[in-house]
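First the structure, in the form of structure tokens, and then the observations on it.
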Amino acid sequence: MHGVTVEEPEGELSDVDPPASSSDVDPRGSVTLAVNRSRIRPPFSVLLATALYCAEFVAAAVLCSLYRKTDDVIWLGFTVAFMLLPALLIQLALTFIHRDLGRDRPMVLFLHLLLLGPVIRCFEALVIFIKAGKIENEPYVTISRQKSLKKGQEGLMEWEIGRSERNLATHRDAFKRTAVIQAFLGSAPQLTLQLYASIQEKYLLPARLAVMIITLISITYGALVCSTLAIQIRYDDYKVRMRPMAYLCMIVWRGLEIATRITTLVLFSTALTYWVILVGMVNLLFFFFLPWAEFWARKGSLTQDVEKNFSKLGTTVVLSMFTLLYACINVFCWSAVQLDFSHRELIERKQQWGRLAAYYAARFLENFLLIGLWYLFKSDFYEYVCAPLLAVQLLILYGLALLFMLLFYQFCHPCRRLFKYNVHDCLHCFCCRPGRGATSRSRGKLPHSYSTAATMVLMPEEPLELLGPRHSQPVGSRGEREMDVVDMTEAA
């Protein structure tokens with residue numbers, strides 16, 4: 001089935017800018033636009049993910065050397081653990097995605113053993129991009145085809161995908177996943193640890209401050225990747241391009257959400273040290289078992305598309321690791337996706353507004369309780385700080401994060417015109433639902449809002465076609481729908 005592109009004045013849903021094209025009109029009046037080649041964009045996301053990986057690893061190593069000199073065994077042990085654990089998982093993820101175990105590449109595997117896998121992968125991506133600009137008439141391996149609706153005419157756009165572009169898409173796809181692993185299995189606990197150590201020791205080392213800044217940037221970037229991947233998976237029938245204002249809104253939303261959440265956990269841990277372990281474990285176990293409970297309630301069967309060479313036990317182990325990452329994300333911020341183990345993509349494609357509202361309502365209430373308990377049991381160290389003002393500021397900042405999240409979904413989401421209901425409609429329905437007084441009963445039927453004026457019916461759900469060696473369509477099958485990997489950094 002072909003995808004549909006909606007062309008609007010703001011340009012949220014737009015086609016690629018073809019370097020060369022030709023158009024024909026068929027007897028039915030539809031326009032067919034054939035594009036020879038799509039442009040290959042620089043792998044900015046690969047460079048950014050590699051830079052964050054190297055910067056955090058080096059900064060943490062310098063901090064470990066300082067802890068060793070001062071004999072801070074506890075801080076040293078936890079810092080080394082949060083430095084090495086994500087690094088090892090990233091090496092495994094890159095090896096798994098690129099299937100290097102079945103290929104004769106000993107040098108690449110050796111660099112992975114030295115924890116330099118992202119560096120060599122970044123170098124490979126740069127070499128592919130540089131060579132792609134010098135190769136003329138490179139044979140294509142995939143043809144992407146997409147419908148478009150413009151000025152009442154139905155058209156069909158298609159363009160050729162070369163081998164270089166497909167290989168770059170594989171690298172981008174791999175580094176997006178490693179960025180999420182780095183952010184929530186390494187950077188988030190590392191930032192929590194270093195902030196707690198700073199409060200306990202009552203001074204801030206320059207090296208520790210550098211680690212905290214880098215980890216906060218890494219977590220925010222990982223959360224942005226989660227949001228953009230969720231949009232691409234849900235609307236894979238459409239050519240999605242994010243506008244700069246959308247990125248700015250997401251950065252503020254995610255940055256405030258993560259900063260206030262980690263600060264709340266750290267403050268609570270300084271007052272009730274052992275109870276914070278219970279809070280963290282309850283959150284982690286709840287989000288870990290939630291997808292499995294929903295899967296068992298639906299009585300579904302495990303997908304066999306994770307890796308065809310895996311047994312049922314191997315598939316279960318891979319899904320368990322994936323669920324652990326999902327749970328770690330939700331401990332610190334909204335993951336933007338829900339898991340569905342019976343689907344080949346492992347992601348539920350429907351937008352769950354109810355779950356989004358329930359998550360943020362429960363998280364706001366939890367943060368409020370944790371801040372209240374910290375205020376009641378705080379130590380004497382906070383006598384030099386205006387504790388009530390700090391508590392109010394944390395709640396206000398989290399509220400601002402929620403406000404920017406609502407602004408993003410209402411005004412900046414690239415596919416907001418495809419929503420059946422938007423934020424405006426949900427708030428209107430909640431405030432005016434029956435049983436809220438004579439005013440709500442006298443209003444009658446809800447009017448159509450501007451957010452649903454251009455609502456369209458989405459295509460039937462189909463699996464996401466990745467731009468990779470396993471999922472690329474052959475040249476002969478020209479009837480497949482469009483697939484496109486849009487980088488958040490490239491669109492900016």
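Chain labels follow the order of the structure tokens: the first chain is A, the next B, and so on; residue numbering restarts at 1 in every chain, and ligands are counted from 1 in their shown order.
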Residue set, region 158-332 of chain A restricted to alpha helix (DSSP H), as number ranges by chain: A: 163-182, 188-201, 206-234, 244-271, 273-298, 312-332
Contacts of region 284-291 of chain A at 9 Å (only C-alpha atoms; same-chain gap of 2+ positions) as a list in words: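 Using only C-alpha atoms, the neighbours found are Val279, Gly280, Met281, Val282, Ala293, Glu294, Phe295, Trp296, Ser320, Thr323, Leu324, Leu325, Tyr326, Ala327, Cys328, Asn330, Val331, Gln338, Leu339, Asp340 and Phe341 of chain A.
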Can you write out the residues you just picked, keeping C-alpha atoms, as a PDB file, in the first residue's frame?
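Result went into selection_9.pdb, see below:
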```
ATOM      1  CA  VAL A 279      10.554   4.003  45.172  1.00  0.00           C
ATOM      2  CA  GLY A 280      12.955   3.232  42.318  1.00  0.00           C
ATOM      3  CA  MET A 281      12.336  -0.520  42.406  1.00  0.00           C
ATOM      4  CA  VAL A 282       8.547  -0.104  42.477  1.00  0.00           C
ATOM      5  CA  ALA A 293       0.791  -8.290  31.799  1.00  0.00           C
ATOM      6  CA  GLU A 294      -0.979  -6.634  28.864  1.00  0.00           C
ATOM      7  CA  PHE A 295       0.495  -9.234  26.523  1.00  0.00           C
ATOM      8  CA  TRP A 296      -0.704 -12.134  28.689  1.00  0.00           C
ATOM      9  CA  SER A 320      13.220  -8.812  28.331  1.00  0.00           C
ATOM     10  CA  THR A 323      11.510  -4.163  28.288  1.00  0.00           C
ATOM     11  CA  LEU A 324      14.199  -3.268  30.823  1.00  0.00           C
ATOM     12  CA  LEU A 325      15.247  -0.318  28.676  1.00  0.00           C
ATOM     13  CA  TYR A 326      11.573   0.692  28.334  1.00  0.00           C
ATOM     14  CA  ALA A 327      11.153   0.566  32.125  1.00  0.00           C
ATOM     15  CA  CYS A 328      14.294   2.631  32.754  1.00  0.00           C
ATOM     16  CA  ASN A 330       9.692   5.555  32.132  1.00  0.00           C
ATOM     17  CA  VAL A 331      11.341   5.880  35.538  1.00  0.00           C
ATOM     18  CA  GLN A 338       3.895   1.481  24.368  1.00  0.00           C
ATOM     19  CA  LEU A 339       5.168  -2.046  23.824  1.00  0.00           C
ATOM     20  CA  ASP A 340       3.229  -4.753  22.018  1.00  0.00           C
ATOM     21  CA  PHE A 341       5.118  -8.062  21.873  1.00  0.00           C
TER      22      PHE A 341
END
```
d(CA of Phe381 (chain A), CA of Leu76 (chain A)) in Å: 23.9 Å
Between CA of Gly222 (chain A) and CA of Asn283 (chain A) - distance in Å to one decimal: 19.5 Å
Region 398-401 of chain A environment, 12 Å, only C-alpha atoms, sequence neighbours closer than 5 positions dropped, as a count of residues only: 32
Of the listed residues A:Cys415, A:Val180, A:Leu248, A:Ile217, that which approaches Ala93 (chain A) most closely, counting only C-alpha atoms: A:Val180
Close residues, Leu185 (chain A) itself excluded, 10 Å, only C-alpha atoms, min 4 positions apart in chain, as a PyMOL selection string: chain A and resi 82-83+85-87+89+180-181+189-190+219+324-325+328-329
Selection above as a file: all heavy atoms, as a short mmCIF file (atom, residue, chain, number, x, y, z; two decimals), in the first residue's frame:
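This went into selection_15.cif:
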```cif
data_model
loop_
_atom_site.label_atom_id
_atom_site.label_comp_id
_atom_site.auth_asym_id
_atom_site.auth_seq_id
_atom_site.Cartn_x
_atom_site.Cartn_y
_atom_site.Cartn_z
N PHE A 82 28.37 2.72 36.23
CA PHE A 82 27.50 3.47 35.31
C PHE A 82 28.25 3.94 34.06
O PHE A 82 27.62 4.39 33.10
CB PHE A 82 26.89 4.66 36.03
CG PHE A 82 25.98 4.28 37.16
CD1 PHE A 82 25.92 5.04 38.31
CD2 PHE A 82 25.18 3.15 37.08
CE1 PHE A 82 25.09 4.69 39.35
CE2 PHE A 82 24.34 2.78 38.11
CZ PHE A 82 24.30 3.55 39.26
N MET A 83 29.57 3.84 34.07
CA MET A 83 30.36 4.17 32.88
C MET A 83 30.52 2.95 31.97
O MET A 83 30.40 3.06 30.74
CB MET A 83 31.74 4.70 33.29
CG MET A 83 32.67 5.00 32.14
SD MET A 83 34.30 5.58 32.69
CE MET A 83 34.94 4.10 33.48
N LEU A 85 28.72 -0.16 32.13
CA LEU A 85 27.51 -0.91 31.76
C LEU A 85 26.92 -0.45 30.44
O LEU A 85 26.69 -1.27 29.53
CB LEU A 85 26.49 -0.82 32.88
CG LEU A 85 25.13 -1.49 32.60
CD1 LEU A 85 25.31 -2.98 32.37
CD2 LEU A 85 24.14 -1.22 33.73
N PRO A 86 26.63 0.85 30.25
CA PRO A 86 26.08 1.26 28.94
C PRO A 86 27.07 1.08 27.81
O PRO A 86 26.67 0.79 26.67
CB PRO A 86 25.74 2.74 29.15
CG PRO A 86 26.60 3.18 30.26
CD PRO A 86 26.76 2.00 31.17
N ALA A 87 28.38 1.24 28.09
CA ALA A 87 29.38 1.05 27.03
C ALA A 87 29.36 -0.38 26.51
O ALA A 87 29.41 -0.62 25.29
CB ALA A 87 30.77 1.42 27.55
N LEU A 89 26.81 -2.52 26.70
CA LEU A 89 25.54 -2.77 26.01
C LEU A 89 25.53 -2.12 24.63
O LEU A 89 24.94 -2.66 23.68
CB LEU A 89 24.39 -2.24 26.85
CG LEU A 89 24.13 -2.97 28.17
CD1 LEU A 89 23.00 -2.31 28.94
CD2 LEU A 89 23.79 -4.45 27.90
N VAL A 180 19.72 6.02 23.01
CA VAL A 180 18.72 5.75 24.05
C VAL A 180 19.33 4.89 25.16
O VAL A 180 19.11 5.12 26.36
CB VAL A 180 17.48 5.09 23.44
CG1 VAL A 180 16.49 4.71 24.53
CG2 VAL A 180 16.82 6.02 22.43
N ILE A 181 20.12 3.87 24.77
CA ILE A 181 20.78 3.02 25.77
C ILE A 181 21.73 3.84 26.62
O ILE A 181 21.75 3.73 27.86
CB ILE A 181 21.53 1.87 25.06
CG1 ILE A 181 20.53 0.93 24.37
CG2 ILE A 181 22.38 1.10 26.05
CD1 ILE A 181 21.20 -0.14 23.53
N PRO A 189 21.33 7.32 35.59
CA PRO A 189 21.85 6.97 36.92
C PRO A 189 23.15 7.67 37.28
O PRO A 189 23.39 7.97 38.46
CB PRO A 189 22.03 5.45 36.83
CG PRO A 189 22.05 5.12 35.40
CD PRO A 189 21.22 6.14 34.72
N GLN A 190 23.98 7.97 36.28
CA GLN A 190 25.22 8.70 36.56
C GLN A 190 24.94 10.11 37.06
O GLN A 190 25.56 10.58 38.04
CB GLN A 190 26.08 8.75 35.30
CG GLN A 190 27.47 9.31 35.49
CD GLN A 190 28.41 8.31 36.14
OE1 GLN A 190 28.49 8.24 37.35
NE2 GLN A 190 29.10 7.54 35.31
N ILE A 219 20.87 12.68 28.25
CA ILE A 219 19.51 12.21 28.58
C ILE A 219 18.48 12.97 27.76
O ILE A 219 17.52 12.38 27.25
CB ILE A 219 19.24 12.38 30.08
CG1 ILE A 219 20.28 11.63 30.91
CG2 ILE A 219 17.86 11.85 30.44
CD1 ILE A 219 20.23 11.94 32.39
N LEU A 324 13.41 -3.93 29.78
CA LEU A 324 14.20 -3.27 30.82
C LEU A 324 14.56 -1.84 30.41
O LEU A 324 14.46 -0.90 31.23
CB LEU A 324 15.46 -4.07 31.11
CG LEU A 324 16.43 -3.48 32.15
CD1 LEU A 324 15.74 -3.36 33.50
CD2 LEU A 324 17.70 -4.32 32.25
N LEU A 325 14.96 -1.67 29.17
CA LEU A 325 15.25 -0.32 28.68
C LEU A 325 13.99 0.55 28.70
O LEU A 325 14.03 1.71 29.10
CB LEU A 325 15.80 -0.41 27.26
CG LEU A 325 16.11 0.92 26.55
CD1 LEU A 325 17.13 1.73 27.33
CD2 LEU A 325 16.57 0.68 25.12
N CYS A 328 13.35 1.60 32.31
CA CYS A 328 14.29 2.63 32.75
C CYS A 328 13.93 3.99 32.18
O CYS A 328 14.08 5.02 32.87
CB CYS A 328 15.71 2.25 32.36
SG CYS A 328 16.39 0.83 33.24
N ILE A 329 13.46 4.03 30.95
CA ILE A 329 13.04 5.31 30.37
C ILE A 329 11.89 5.89 31.15
O ILE A 329 11.87 7.08 31.51
CB ILE A 329 12.67 5.12 28.88
CG1 ILE A 329 13.88 4.68 28.07
CG2 ILE A 329 12.09 6.41 28.31
CD1 ILE A 329 13.55 4.31 26.64
#
```
